[in-house]
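Asks: One file is attached below, structure_13.cif, containing mmCIF, C-alpha atoms.
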data_protein
loop_
_atom_site.label_atom_id
_atom_site.label_comp_id
_atom_site.auth_asym_id
_atom_site.auth_seq_id
_atom_site.Cartn_x
_atom_site.Cartn_y
_atom_site.Cartn_z
CA MET A 1 0.00 0.00 0.00
CA ALA A 2 1.33 3.42 -0.92
CA ASN A 3 2.38 5.47 2.08
CA ARG A 4 1.06 8.79 0.85
CA ILE A 5 -2.23 10.56 1.31
CA GLY A 6 -3.78 13.79 0.02
CA PHE A 7 -4.81 16.64 2.31
CA LYS A 8 -8.50 16.11 1.62
CA GLU A 9 -8.39 12.37 2.27
CA PHE A 10 -6.31 12.90 5.40
CA LEU A 11 -8.84 15.37 6.80
CA LYS A 12 -11.72 13.04 5.94
CA LYS A 13 -10.10 10.16 7.81
CA LEU A 14 -9.27 12.29 10.82
CA ASP A 15 -10.48 10.95 14.13
CA LYS A 16 -11.89 14.10 15.67
CA GLU A 17 -11.59 12.77 19.19
CA GLU A 18 -7.92 11.98 18.95
CA GLU A 19 -4.82 14.08 19.16
CA VAL A 20 -3.17 14.66 15.75
CA GLN A 21 0.61 14.56 15.52
CA LEU A 22 2.27 15.83 12.37
CA ILE A 23 5.87 16.27 11.37
CA VAL A 24 6.08 19.35 9.13
CA ASP A 25 8.65 20.11 6.47
CA ALA A 26 10.21 23.60 6.14
CA ASN A 27 8.36 24.26 2.87
CA VAL A 28 5.02 23.76 4.65
CA ILE A 29 5.84 26.46 7.21
CA ILE A 30 7.22 28.76 4.51
CA ALA A 31 4.15 28.24 2.31
CA TYR A 32 1.92 28.97 5.29
CA ARG A 33 3.78 32.21 5.90
CA ASP A 34 4.56 33.48 2.43
CA LYS A 35 1.75 35.00 0.37
CA ASN A 36 3.90 34.64 -2.76
CA HIS A 37 4.22 30.91 -2.34
CA LYS A 38 2.11 29.09 -4.90
CA ASP A 39 0.82 26.70 -2.22
CA HIS A 40 0.05 29.44 0.29
CA GLU A 41 -3.72 29.10 0.00
CA THR A 42 -3.60 25.29 -0.07
CA ILE A 43 -1.60 25.16 3.15
CA ARG A 44 -3.69 27.83 4.88
CA GLU A 45 -6.83 25.94 3.97
CA PHE A 46 -5.34 22.69 5.23
CA PHE A 47 -4.44 24.17 8.61
CA ARG A 48 -7.75 26.02 8.83
CA ASP A 49 -9.65 22.75 8.29
CA LEU A 50 -7.30 20.87 10.59
CA THR A 51 -7.77 23.31 13.47
CA ARG A 52 -11.51 23.19 12.87
CA ASP A 53 -11.70 19.39 12.84
CA ALA A 54 -9.02 18.17 15.22
CA GLN A 55 -9.40 18.11 18.96
CA LYS A 56 -5.72 18.64 19.60
CA ILE A 57 -2.84 19.21 17.18
CA LEU A 58 0.82 18.66 17.87
CA LEU A 59 3.30 19.80 15.26
CA PHE A 60 6.89 18.59 15.13
CA THR A 61 9.88 19.38 13.03
CA THR A 62 13.66 19.05 13.05
CA VAL A 63 16.15 21.64 14.17
CA THR A 64 17.43 21.68 10.59
CA THR A 65 13.98 22.79 9.45
CA LYS A 66 14.09 25.51 12.07
CA SER A 67 17.35 26.83 10.64
CA GLU A 68 15.95 26.62 7.08
CA PHE A 69 12.93 28.61 8.14
CA LEU A 70 14.89 31.25 10.03
CA GLU A 71 17.22 31.57 7.04
CA TYR A 72 14.20 32.17 4.80
CA TYR A 73 12.91 34.79 7.24
CA ARG A 74 16.31 36.53 7.40
CA ARG A 75 16.44 36.87 3.61
CA LYS A 76 12.85 38.03 3.42
CA ILE A 77 13.26 40.72 6.06
CA ILE A 78 16.61 41.95 4.72
CA THR A 79 15.21 42.13 1.18
CA GLU A 80 12.15 44.06 2.28
CA ALA A 81 14.20 46.37 4.49
CA ILE A 82 16.63 47.15 1.66
CA LEU A 83 13.76 47.83 -0.74
CA ALA A 84 12.12 50.09 1.86
CA ILE A 85 15.39 52.00 2.33
CA TYR A 86 15.70 52.33 -1.44
CA LYS A 87 12.17 53.74 -1.70
CA ARG A 88 12.74 56.12 1.20
CA ASN A 89 15.97 57.28 -0.45
CA ARG A 90 14.01 58.23 -3.57
CA GLU A 91 11.93 60.65 -1.50
CA LYS A 92 14.85 62.08 0.44
CA GLN A 93 18.46 61.00 0.15
CA ILE A 94 19.64 58.91 3.09
CA VAL A 95 22.35 56.78 1.45
CA SER A 96 25.14 57.65 -0.95
CA ASP A 97 24.74 57.22 -4.71
CA ARG A 98 27.31 54.45 -4.55
CA VAL A 99 25.09 52.46 -2.20
CA LYS A 100 22.00 53.29 -4.24
CA GLN A 101 23.77 52.01 -7.35
CA GLU A 102 24.70 48.76 -5.62
CA ILE A 103 21.11 48.24 -4.44
CA GLU A 104 19.89 48.90 -7.99
CA ASN A 105 22.35 46.31 -9.34
CA GLN A 106 21.02 43.69 -6.96
CA ILE A 107 17.37 44.61 -7.60
CA ARG A 108 18.08 44.18 -11.30
CA ALA A 109 19.64 40.76 -10.67
CA ARG A 110 16.59 39.71 -8.65
CA ASN A 111 14.18 41.04 -11.27
CA LEU A 112 16.00 39.15 -14.01
CA ARG A 113 15.66 35.99 -11.96
CA GLN A 114 11.96 36.61 -11.50
CA ASN A 115 11.47 37.21 -15.23
CA ARG A 116 13.42 34.08 -16.09
CA GLU A 117 11.22 32.02 -13.77
CA ILE A 118 8.06 33.49 -15.27
CA GLU A 119 9.29 32.86 -18.82
CA LYS A 120 10.33 29.32 -17.92
CA GLN A 121 6.91 28.62 -16.46
CA GLU A 122 5.06 30.16 -19.41
CA GLN A 123 7.10 28.16 -21.91
CA PHE A 124 6.50 24.96 -19.99
CA GLU A 125 2.77 25.64 -19.76
CA LYS A 126 2.61 26.33 -23.51
CA LYS A 127 4.37 23.06 -24.21
CA LEU A 128 1.97 21.15 -21.98
CA GLN A 129 -1.06 22.88 -23.46
CA ALA A 130 0.15 21.97 -26.94
CA GLN A 131 0.04 18.36 -25.76
CA SER A 132 -3.53 18.98 -24.50
CA ILE A 133 -2.47 18.53 -20.88
CA ASP A 134 -4.51 20.41 -18.31
CA THR A 135 -1.90 22.61 -16.65
CA THR A 136 -4.20 23.55 -13.80
CA GLU A 137 -3.84 19.99 -12.59
CA LEU A 138 -0.08 20.00 -12.74
CA ASP A 139 2.57 20.98 -10.29
CA VAL A 140 4.35 23.05 -12.91
CA GLU A 141 6.97 24.68 -10.82
CA GLY A 142 8.03 24.77 -7.23
CA PHE A 143 8.26 27.97 -5.26
CA SER A 144 11.63 29.53 -5.44
CA ILE A 145 12.70 31.84 -2.65
CA ASP A 146 15.43 33.00 -5.02
CA ALA A 147 12.86 34.57 -7.29
CA ASN A 148 11.56 36.94 -4.67
CA TYR A 149 14.31 37.64 -2.20
CA PHE A 150 17.91 38.66 -2.49
CA LYS A 151 20.28 35.73 -2.56
CA ASP A 152 22.91 35.55 0.13
CA SER A 153 25.60 36.71 -2.32
CA GLU A 154 23.47 39.74 -3.22
CA ILE A 155 22.93 40.60 0.43
CA LYS A 156 26.69 40.38 0.96
CA SER A 157 27.33 42.78 -1.94
CA ILE A 158 24.88 45.29 -0.48
CA LYS A 159 26.33 44.81 2.99
CA LYS A 160 29.83 45.60 1.66
CA ALA A 161 28.52 48.69 -0.12
CA PHE A 162 26.96 49.96 3.09
CA ARG A 163 30.38 50.70 4.59
CA ALA A 164 30.66 54.47 4.28
CA ARG A 165 33.94 55.96 3.09
CA ASP A 166 36.15 57.72 5.61
CA VAL A 167 33.95 56.96 8.63
CA GLN A 168 35.70 55.40 11.58
CA GLU A 169 32.74 53.79 13.28
CA GLU A 170 30.72 51.21 11.32
CA ILE A 171 27.10 52.01 12.14
CA GLY A 172 25.31 51.82 8.77
CA TRP A 173 24.61 48.15 8.13
CA LEU A 174 24.78 47.33 11.84
CA LYS A 175 22.03 49.87 12.51
CA ILE A 176 19.82 48.27 9.85
CA CYS A 177 20.37 44.88 11.49
CA SER A 178 19.72 46.23 14.94
CA VAL A 179 16.48 47.96 13.93
CA MET A 180 15.18 45.40 11.44
CA LEU A 181 16.51 42.03 12.46
CA VAL A 182 17.63 41.57 16.04
CA ASP A 183 14.31 41.70 17.91
CA ARG A 184 12.34 40.30 14.99
CA MET A 185 14.53 37.22 14.61
CA HIS A 186 14.31 36.47 18.34
CA GLU A 187 10.56 36.94 18.46
CA TYR A 188 10.10 34.94 15.30
CA GLU A 189 12.15 32.10 16.71
CA LYS A 190 10.06 32.12 19.88
CA LEU A 191 6.87 31.94 17.82
CA LEU A 192 8.29 29.07 15.78
CA ASP A 193 9.19 27.28 19.02
CA GLU A 194 5.59 27.74 20.08
CA PHE A 195 4.30 26.57 16.70
CA CYS A 196 6.10 23.25 16.78
CA HIS A 197 8.20 20.93 18.90
CA TYR A 198 11.66 19.89 17.78
CA LEU A 199 12.35 16.24 17.34
CA THR A 200 15.00 15.66 19.94
CA THR A 201 15.08 13.41 22.96
CA ARG A 202 15.69 16.51 25.08
CA ASP A 203 12.34 18.08 24.21
CA GLU A 204 9.86 17.18 26.95
CA VAL A 205 6.98 16.61 24.54
CA SER A 206 8.94 15.08 21.64
CA LYS A 207 10.75 12.53 23.78
CA THR A 208 7.50 10.78 24.64
CA TYR A 209 7.14 9.86 20.95
CA PHE A 210 10.64 8.45 20.53
CA ILE A 211 10.80 4.68 20.18
CA LYS A 212 14.58 4.61 20.38
CA GLU A 213 16.40 6.52 23.06
CA ASP A 214 19.61 7.02 21.11
CA VAL A 215 19.34 8.83 17.82
CA GLU A 216 21.38 7.20 15.09
CA TRP A 217 22.50 10.25 13.13
CA ARG A 218 24.42 8.22 10.58
CA LYS A 219 21.16 6.73 9.35
CA ALA A 220 20.37 10.13 7.83
CA THR A 221 23.40 9.67 5.59
CA GLN A 222 22.08 6.27 4.51
CA ILE A 223 18.63 7.78 3.81
CA CYS A 224 20.19 10.64 1.87
CA ALA A 225 22.21 8.22 -0.24
CA GLU A 226 19.39 5.74 -0.88
CA THR A 227 17.42 8.10 -3.10
CA GLY A 228 19.82 11.02 -3.47
CA MET A 229 17.57 13.31 -1.50
CA GLY A 230 18.67 16.53 0.20
CA PHE A 231 20.26 16.03 3.58
CA SER A 232 17.76 18.23 5.34
CA ASP A 233 14.91 16.02 4.06
CA ALA A 234 16.89 12.93 5.02
CA MET A 235 17.16 14.31 8.57
CA ILE A 236 13.36 14.63 8.70
CA LEU A 237 12.85 11.03 7.59
CA ASN A 238 15.53 9.80 9.97
CA MET A 239 14.02 11.56 12.96
CA ALA A 240 10.55 10.42 11.92
CA ASN A 241 11.82 6.84 11.83
CA HIS A 242 13.00 7.21 15.41
CA THR A 243 9.50 8.10 16.59
CA ASN A 244 6.03 6.59 16.46
CA ILE A 245 4.61 9.69 14.76
CA GLU A 246 3.00 8.43 11.56
CA HIS A 247 2.39 11.48 9.41
CA ILE A 248 4.83 13.82 7.66
CA VAL A 249 3.39 16.87 5.87
CA THR A 250 5.34 18.14 2.89
CA LEU A 251 5.07 19.92 -0.46
CA ASP A 252 8.26 18.38 -1.72
CA PHE A 253 8.23 15.54 -4.21
CA ASP A 254 11.62 14.38 -2.99
CA LEU A 255 10.26 13.70 0.47
CA VAL A 256 7.32 11.77 -0.98
CA TYR A 257 9.70 9.73 -3.17
CA GLY A 258 12.24 9.20 -0.41
CA GLY A 259 9.51 8.34 2.06
CA HIS A 260 8.46 5.38 -0.11
CA VAL A 261 11.96 3.97 0.06
CA SER A 262 13.39 5.08 3.39
CA ALA A 263 10.39 5.57 5.70
CA ILE A 264 8.02 2.83 4.67
CA HIS A 265 6.12 2.88 7.96
CA LYS A 266 5.33 6.57 7.68
CA THR A 267 2.60 8.27 5.69
CA ILE A 268 3.43 11.34 3.67
CA VAL A 269 0.64 13.94 3.61
CA THR A 270 0.72 16.22 0.56
CA PRO A 271 -1.79 18.27 -1.49
CA THR A 272 -4.39 16.01 -3.06
CA ASP A 273 -4.08 17.40 -6.61
CA ARG A 274 -0.39 16.62 -6.61
CA LEU A 275 -0.72 12.94 -5.86
CA LYS A 276 -2.02 12.26 -9.36
CA ASN A 277 1.24 13.56 -10.81
CA TYR A 278 3.31 11.35 -8.57
CA LYS A 279 1.42 8.18 -9.46
CA ASN A 280 3.46 7.27 -12.52
CA ILE A 281 6.79 8.29 -11.06
CA LEU A 282 6.22 6.28 -7.91
CA LYS A 283 5.04 3.20 -9.78
CA GLY A 284 7.09 0.18 -8.83
CA ILE A 285 8.69 1.58 -5.71
CA MET B 1 -1.29 22.97 21.10
CA SER B 2 -4.72 24.56 21.43
CA LYS B 3 -6.88 25.25 18.37
CA ARG B 4 -6.52 29.00 18.71
CA SER B 5 -2.81 29.07 19.08
CA ILE B 6 -1.87 28.21 15.46
CA ILE B 7 -3.97 31.13 14.25
CA GLU B 8 -2.65 33.38 17.01
CA ILE B 9 0.94 32.46 16.25
CA MET B 10 0.40 33.19 12.57
CA ASP B 11 -1.14 36.57 13.43
CA ASP B 12 1.87 37.40 15.58
CA MET B 13 4.17 36.37 12.75
CA ASP B 14 2.20 38.65 10.38
CA ARG B 15 2.84 41.54 12.74
CA LEU B 16 6.57 40.79 12.77
CA GLU B 17 6.77 40.84 8.99
CA LYS B 18 5.65 44.43 8.63
CA ILE B 19 8.61 46.53 7.59
CA GLU B 20 8.84 50.24 8.16
CA ILE B 21 11.81 52.56 7.94
CA THR B 22 11.74 54.60 11.11
CA ASP B 23 12.83 58.23 11.10
CA GLU B 24 15.56 57.28 13.55
CA LEU B 25 17.03 54.72 11.12
CA ALA B 26 16.73 57.16 8.21
CA ASP B 27 18.49 59.88 10.24
CA THR B 28 21.25 57.51 11.34
CA LEU B 29 21.91 56.46 7.75
CA LYS B 30 21.81 60.04 6.55
CA ASP B 31 24.37 61.09 9.18
CA TYR B 32 26.50 58.04 8.50
CA PHE B 33 26.67 58.75 4.76
CA LYS B 34 26.76 62.56 5.13
CA ASP B 35 30.43 63.03 4.18
CA GLU B 36 30.15 60.58 1.30
CA ILE B 37 26.96 62.22 0.01
CA ASP B 38 28.62 65.68 0.28
CA SER B 39 31.68 64.42 -1.50
CA GLU B 40 29.59 62.82 -4.25
CA ASN B 41 27.58 66.04 -4.63
CA LEU B 42 30.79 68.07 -4.86
CA GLU B 43 32.13 65.68 -7.45
CA LYS B 44 28.87 65.94 -9.39
CA GLU B 45 29.01 69.76 -9.23
CA GLN B 46 32.59 69.75 -10.47
CA ASN B 47 31.76 67.37 -13.27
CA GLU B 48 28.84 69.57 -14.25
CA LYS B 49 31.09 72.62 -14.24
CA VAL B 50 33.67 70.86 -16.37
CA ALA B 51 30.95 69.69 -18.76
CA LYS B 52 29.44 73.18 -18.91
CA GLY B 53 32.86 74.71 -19.52
CA LEU B 54 33.43 72.24 -22.31
CA VAL B 55 30.10 73.14 -23.91
CA ASP B 56 30.83 76.88 -23.51
CA SER B 57 34.22 76.45 -25.10
CA LEU B 58 32.65 74.59 -27.99
CA VAL B 59 30.00 77.29 -28.60
CA GLY B 60 31.11 79.51 -31.43
CA LEU B 61 33.65 77.09 -32.74
CA ASP B 62 31.60 76.77 -35.92
CA LYS B 63 31.98 80.51 -36.56
CA GLY B 64 35.10 81.70 -38.24
CA ASN B 65 36.84 84.90 -37.21
CA LYS B 66 36.68 87.08 -40.28
CA GLU B 67 39.23 89.49 -38.85
CA ASN B 68 41.70 86.67 -38.74
CA GLY B 69 40.77 85.68 -42.22
CA GLN B 70 38.85 82.56 -41.13
CA SER B 71 35.70 81.48 -42.84
CA ASP B 72 32.54 80.03 -41.20
CA ARG B 73 32.82 76.31 -40.81
CA VAL B 74 29.82 74.08 -41.44
#
When written as C-alpha cells, how does the structure in this file appear?
Replies:
Amino acid sequence: MANRIGFKEFLKKLDKEEEVQLIVDANVIIAYRDKNHKDHETIREFFRDLTRDAQKILLFTTVTTKSEFLEYYRRKIITEAILAIYKRNREKQIVSDRVKQEIENQIRARNLRQNREIEKQEQFEKKLQAQSIDTTELDVEGFSIDANYFKDSEIKSIKKAFRARDVQEEIGWLKICSVMLVDRMHEYEKLLDEFCHYLTTRDEVSKTYFIKEDVEWRKATQICAETGMGFSDAMILNMANHTNIEHIVTLDFDLVYGGHVSAIHKTIVTPTDRLKNYKNILKGI
Amino acid sequence: MSKRSIIEIMDDMDRLEKIEITDELADTLKDYFKDEIDSENLEKEQNEKVAKGLVDSLVGLDKGNKENGQSDRV
C-alpha cells in the first residue's frame, strides 16, 4: 500500500476525538507564511480545516527545518528592508549614490531571476497545453525563494557597499540589522518554538514519541544516499523513523519519493491534486 | 497545542513581517553617509562645471573669425 495521502483524504479520515501529531517540512511552514508561495492558499486551507476538525494538534519538526525557516525569514526581512530604504531614499536622500547604485544592481539581478522564472513557467505551460495537458492539474513549478528575495551573495554585496567611506565607526549596516533584524529574529524564533516541537530526545513533549532513546544520526546519511535526496529532508525522515509519529506533511516531491523507500512505515501527507502527478513516477517503488 | 494558538501564532508572525523605515534609522543612515553624500555632490558639481565649460568652449567654434581671415565652418 502506498504510504502517501492527500490533504483532503487525510482530513476526511481524521479521528476528531484523537490528538493529531504531524511532522512538518520547512516548505510547509514557509508556504503557510509566504503569500507569494504558490501553495500558500492550499496550506492555509489545510491548517484552517485541521484546526476546525481536530481536537488537539501537535506539530513537530527538526532543528534543521528551524534553521531553514529562520534563514528564509532573514532573507525576506533583509530584502524588504533594503527595498524600503531604497524607496525612502528616492523621496529624500539617506544613502550615498554608490550604495544606491549597488542596491539597484542587486534589484536588477533579482528582477531578471523573476522574469526568467516566469518565462520558464510560461514556456512549460505552452508546451503542456500543446500536448492537451490540463496545466491547472499540474505541479508546474516549485516555489523559489530566489525569485523573490535577495540571494545571500546579493545581500553580501549590499552589505559591503553599506560601509561608508572615511567613517571610523561602522554604524550603517549594523544599525539596519539592529532595527530590522535583532528583535524580529528572536521573536520569530520564539513563535516558531511555540508553533512546533523539535524532534530531539531533550524536548519534553517530543521525547514521549521516541521509540529509540539514542538517535542514530548516521542513518540520515544512509537515507540521503538511498534516493539522493537533500540532507535536510533525510534528517526529517531519519528523525521520523525514530518516533512513532506516523504522518509527515510536505510539499516536496523528494520527500514523498524518499519516504516510499526510506520511511516505509510513515505516511506522507501532501496536497491532493499533486498525488495524481506522482502516481506514474512512484510506480514500482 | 490549542486550536486557537496556530492562528494566534500566525497573526503574531504577520505583525513581525511588517517593515517600516523609522525616522531614527533614516536619520542615522543620513548622518553616517553625510560626508560621502557631500563628497559625491561636490564631485557631481565639479563634473557639471567641467561639462558646462566644455560646452561653452565649444559654442562659437563653428563661426570663423573674419578678422583673422577665417571662414565660417559648417
Asks: Do you know which residues lie at most 12 Å from (-3.9, 30.5, 16.2), with coordinates as in the file and all atoms listed in the file counted, and could you write them as a PyMOL selection string?
Replies: (chain A and resi 44+47-48+50-52+57+191+194-195) or (chain B and resi 1-14)
Asks: For the residues in the current selection, export C-alpha atoms as a PDB file, in the coordinates of the input.
Replies:
ATOM      1  CA  ARG A  44      -3.690  27.830   4.880  1.00  0.00           C
ATOM      2  CA  PHE A  47      -4.440  24.170   8.610  1.00  0.00           C
ATOM      3  CA  ARG A  48      -7.750  26.020   8.830  1.00  0.00           C
ATOM      4  CA  LEU A  50      -7.300  20.870  10.590  1.00  0.00           C
ATOM      5  CA  THR A  51      -7.770  23.310  13.470  1.00  0.00           C
ATOM      6  CA  ARG A  52     -11.510  23.190  12.870  1.00  0.00           C
ATOM      7  CA  ILE A  57      -2.840  19.210  17.180  1.00  0.00           C
ATOM      8  CA  LEU A 191       6.870  31.940  17.820  1.00  0.00           C
ATOM      9  CA  GLU A 194       5.590  27.740  20.080  1.00  0.00           C
ATOM     10  CA  PHE A 195       4.300  26.570  16.700  1.00  0.00           C
TER      11      PHE A 195
ATOM     12  CA  MET B   1      -1.290  22.970  21.100  1.00  0.00           C
ATOM     13  CA  SER B   2      -4.720  24.560  21.430  1.00  0.00           C
ATOM     14  CA  LYS B   3      -6.880  25.250  18.370  1.00  0.00           C
ATOM     15  CA  ARG B   4      -6.520  29.000  18.710  1.00  0.00           C
ATOM     16  CA  SER B   5      -2.810  29.070  19.080  1.00  0.00           C
ATOM     17  CA  ILE B   6      -1.870  28.210  15.460  1.00  0.00           C
ATOM     18  CA  ILE B   7      -3.970  31.130  14.250  1.00  0.00           C
ATOM     19  CA  GLU B   8      -2.650  33.380  17.010  1.00  0.00           C
ATOM     20  CA  ILE B   9       0.940  32.460  16.250  1.00  0.00           C
ATOM     21  CA  MET B  10       0.400  33.190  12.570  1.00  0.00           C
ATOM     22  CA  ASP B  11      -1.140  36.570  13.430  1.00  0.00           C
ATOM     23  CA  ASP B  12       1.870  37.400  15.580  1.00  0.00           C
ATOM     24  CA  MET B  13       4.170  36.370  12.750  1.00  0.00           C
ATOM     25  CA  ASP B  14       2.200  38.650  10.380  1.00  0.00           C
TER      26      ASP B  14
END
Asks: To test your reading of the syntax: which residues would the PyMOL selection byres ((chain A) within 8 of (chain B)) return for the file shown? Reply as number ranges by chain.
Replies: A: 33, 51-52, 55-58, 77, 80-81, 84-85, 88, 93-97, 164-167, 171-172, 175-176, 179-180, 184, 187-188, 191, 194-195
Asks: Grab the atom CA of A:Tyr198 to atom CA of A:Leu275 distance for me, in Å with one decimal place.
Replies: 27.6 Å
Asks: I'd like the neighbourhood of A:His247 as a PyMOL selection string, where a residue qualifies if any of its atoms comes within 12 Å (using only C-alpha atoms), though same-chain residues fewer than 4 positions away should be ignored.
Replies: chain A and resi 3-7+10+14+20-25+58-61+236-237+240-241+243+256+259+263-270
Asks: Exactly which residues make up the result of the PyMOL selection byres ((chain A and resi 71) around 12) on this file, given as a ChimeraX atom specification?
Replies: /A:26,30,64-70,72-78,145,149-152,181,185,188-189
Asks: Please compute the atom CA of B:Lys49-atom CA of A:Arg163 distance, one decimal, in Å.
Replies: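 According to the coordinates, atom CA of B:Lys49 and atom CA of A:Arg163 are separated by 28.9 Å.
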Asks: What is the distance, in Å and to one decimal place, between atom CA of A:Ile211 and atom CA of A:Tyr257?
Replies: 23.9 Å
Asks: Need to verify the contact set: A:Ile43, 9 Å, only C-alpha atoms, exclusion of same-chain residues closer than 6 positions in sequence. Can you return it as a PyMOL selection string?
Replies: chain A and resi 28-29+31-32+271
Asks: Complete the atom set of stretch 99-122 of chain A to N, CA and C atoms and return it as a PDB file, in the frame of the given file.
Replies:
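Contents of selection.pdb, as written:
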ATOM      1  N   VAL A  99      25.913  53.501  -2.812  1.00  0.00           N
ATOM      2  CA  VAL A  99      25.090  52.460  -2.200  1.00  0.00           C
ATOM      3  C   VAL A  99      23.819  52.248  -3.021  1.00  0.00           C
ATOM      4  N   LYS A 100      23.227  53.357  -3.428  1.00  0.00           N
ATOM      5  CA  LYS A 100      22.000  53.290  -4.240  1.00  0.00           C
ATOM      6  C   LYS A 100      22.263  52.460  -5.507  1.00  0.00           C
ATOM      7  N   GLN A 101      23.414  52.729  -6.124  1.00  0.00           N
ATOM      8  CA  GLN A 101      23.770  52.010  -7.350  1.00  0.00           C
ATOM      9  C   GLN A 101      23.900  50.506  -7.087  1.00  0.00           C
ATOM     10  N   GLU A 102      24.515  50.175  -5.960  1.00  0.00           N
ATOM     11  CA  GLU A 102      24.700  48.760  -5.620  1.00  0.00           C
ATOM     12  C   GLU A 102      23.344  48.084  -5.378  1.00  0.00           C
ATOM     13  N   ILE A 103      22.456  48.802  -4.676  1.00  0.00           N
ATOM     14  CA  ILE A 103      21.110  48.240  -4.440  1.00  0.00           C
ATOM     15  C   ILE A 103      20.413  48.030  -5.783  1.00  0.00           C
ATOM     16  N   GLU A 104      20.533  49.015  -6.669  1.00  0.00           N
ATOM     17  CA  GLU A 104      19.890  48.900  -7.990  1.00  0.00           C
ATOM     18  C   GLU A 104      20.434  47.691  -8.756  1.00  0.00           C
ATOM     19  N   ASN A 105      21.745  47.474  -8.656  1.00  0.00           N
ATOM     20  CA  ASN A 105      22.350  46.310  -9.340  1.00  0.00           C
ATOM     21  C   ASN A 105      21.712  45.010  -8.846  1.00  0.00           C
ATOM     22  N   GLN A 106      21.537  44.931  -7.534  1.00  0.00           N
ATOM     23  CA  GLN A 106      21.020  43.690  -6.960  1.00  0.00           C
ATOM     24  C   GLN A 106      19.511  43.544  -7.221  1.00  0.00           C
ATOM     25  N   ILE A 107      18.810  44.677  -7.258  1.00  0.00           N
ATOM     26  CA  ILE A 107      17.370  44.610  -7.600  1.00  0.00           C
ATOM     27  C   ILE A 107      17.235  44.090  -9.031  1.00  0.00           C
ATOM     28  N   ARG A 108      18.120  44.610  -9.896  1.00  0.00           N
ATOM     29  CA  ARG A 108      18.080  44.180 -11.300  1.00  0.00           C
ATOM     30  C   ARG A 108      18.336  42.674 -11.396  1.00  0.00           C
ATOM     31  N   ALA A 109      19.320  42.199 -10.642  1.00  0.00           N
ATOM     32  CA  ALA A 109      19.640  40.760 -10.670  1.00  0.00           C
ATOM     33  C   ALA A 109      18.433  39.944 -10.199  1.00  0.00           C
ATOM     34  N   ARG A 110      17.770  40.424  -9.156  1.00  0.00           N
ATOM     35  CA  ARG A 110      16.590  39.710  -8.650  1.00  0.00           C
ATOM     36  C   ARG A 110      15.451  39.741  -9.662  1.00  0.00           C
ATOM     37  N   ASN A 111      15.257  40.924 -10.281  1.00  0.00           N
ATOM     38  CA  ASN A 111      14.180  41.040 -11.270  1.00  0.00           C
ATOM     39  C   ASN A 111      14.410  40.129 -12.473  1.00  0.00           C
ATOM     40  N   LEU A 112      15.670  40.030 -12.887  1.00  0.00           N
ATOM     41  CA  LEU A 112      16.000  39.150 -14.010  1.00  0.00           C
ATOM     42  C   LEU A 112      15.652  37.700 -13.666  1.00  0.00           C
ATOM     43  N   ARG A 113      15.961  37.345 -12.429  1.00  0.00           N
ATOM     44  CA  ARG A 113      15.660  35.990 -11.960  1.00  0.00           C
ATOM     45  C   ARG A 113      14.155  35.746 -11.966  1.00  0.00           C
ATOM     46  N   GLN A 114      13.418  36.738 -11.506  1.00  0.00           N
ATOM     47  CA  GLN A 114      11.960  36.610 -11.500  1.00  0.00           C
ATOM     48  C   GLN A 114      11.431  36.436 -12.921  1.00  0.00           C
ATOM     49  N   ASN A 115      11.933  37.287 -13.834  1.00  0.00           N
ATOM     50  CA  ASN A 115      11.470  37.210 -15.230  1.00  0.00           C
ATOM     51  C   ASN A 115      11.791  35.861 -15.853  1.00  0.00           C
ATOM     52  N   ARG A 116      13.008  35.374 -15.543  1.00  0.00           N
ATOM     53  CA  ARG A 116      13.420  34.080 -16.090  1.00  0.00           C
ATOM     54  C   ARG A 116      12.471  32.977 -15.615  1.00  0.00           C
ATOM     55  N   GLU A 117      12.114  33.046 -14.328  1.00  0.00           N
ATOM     56  CA  GLU A 117      11.220  32.020 -13.770  1.00  0.00           C
ATOM     57  C   GLU A 117       9.839  32.083 -14.427  1.00  0.00           C
ATOM     58  N   ILE A 118       9.368  33.328 -14.641  1.00  0.00           N
ATOM     59  CA  ILE A 118       8.060  33.490 -15.270  1.00  0.00           C
ATOM     60  C   ILE A 118       8.094  32.952 -16.696  1.00  0.00           C
ATOM     61  N   GLU A 119       9.150  33.334 -17.438  1.00  0.00           N
ATOM     62  CA  GLU A 119       9.290  32.860 -18.820  1.00  0.00           C
ATOM     63  C   GLU A 119       9.352  31.339 -18.887  1.00  0.00           C
ATOM     64  N   LYS A 120      10.147  30.775 -17.964  1.00  0.00           N
ATOM     65  CA  LYS A 120      10.330  29.320 -17.920  1.00  0.00           C
ATOM     66  C   LYS A 120       8.974  28.639 -17.716  1.00  0.00           C
ATOM     67  N   GLN A 121       8.219  29.194 -16.770  1.00  0.00           N
ATOM     68  CA  GLN A 121       6.910  28.620 -16.460  1.00  0.00           C
ATOM     69  C   GLN A 121       5.957  28.758 -17.644  1.00  0.00           C
ATOM     70  N   GLU A 122       5.963  29.947 -18.273  1.00  0.00           N
ATOM     71  CA  GLU A 122       5.060  30.160 -19.410  1.00  0.00           C
ATOM     72  C   GLU A 122       5.386  29.221 -20.564  1.00  0.00           C
TER      73      GLU A 122
END
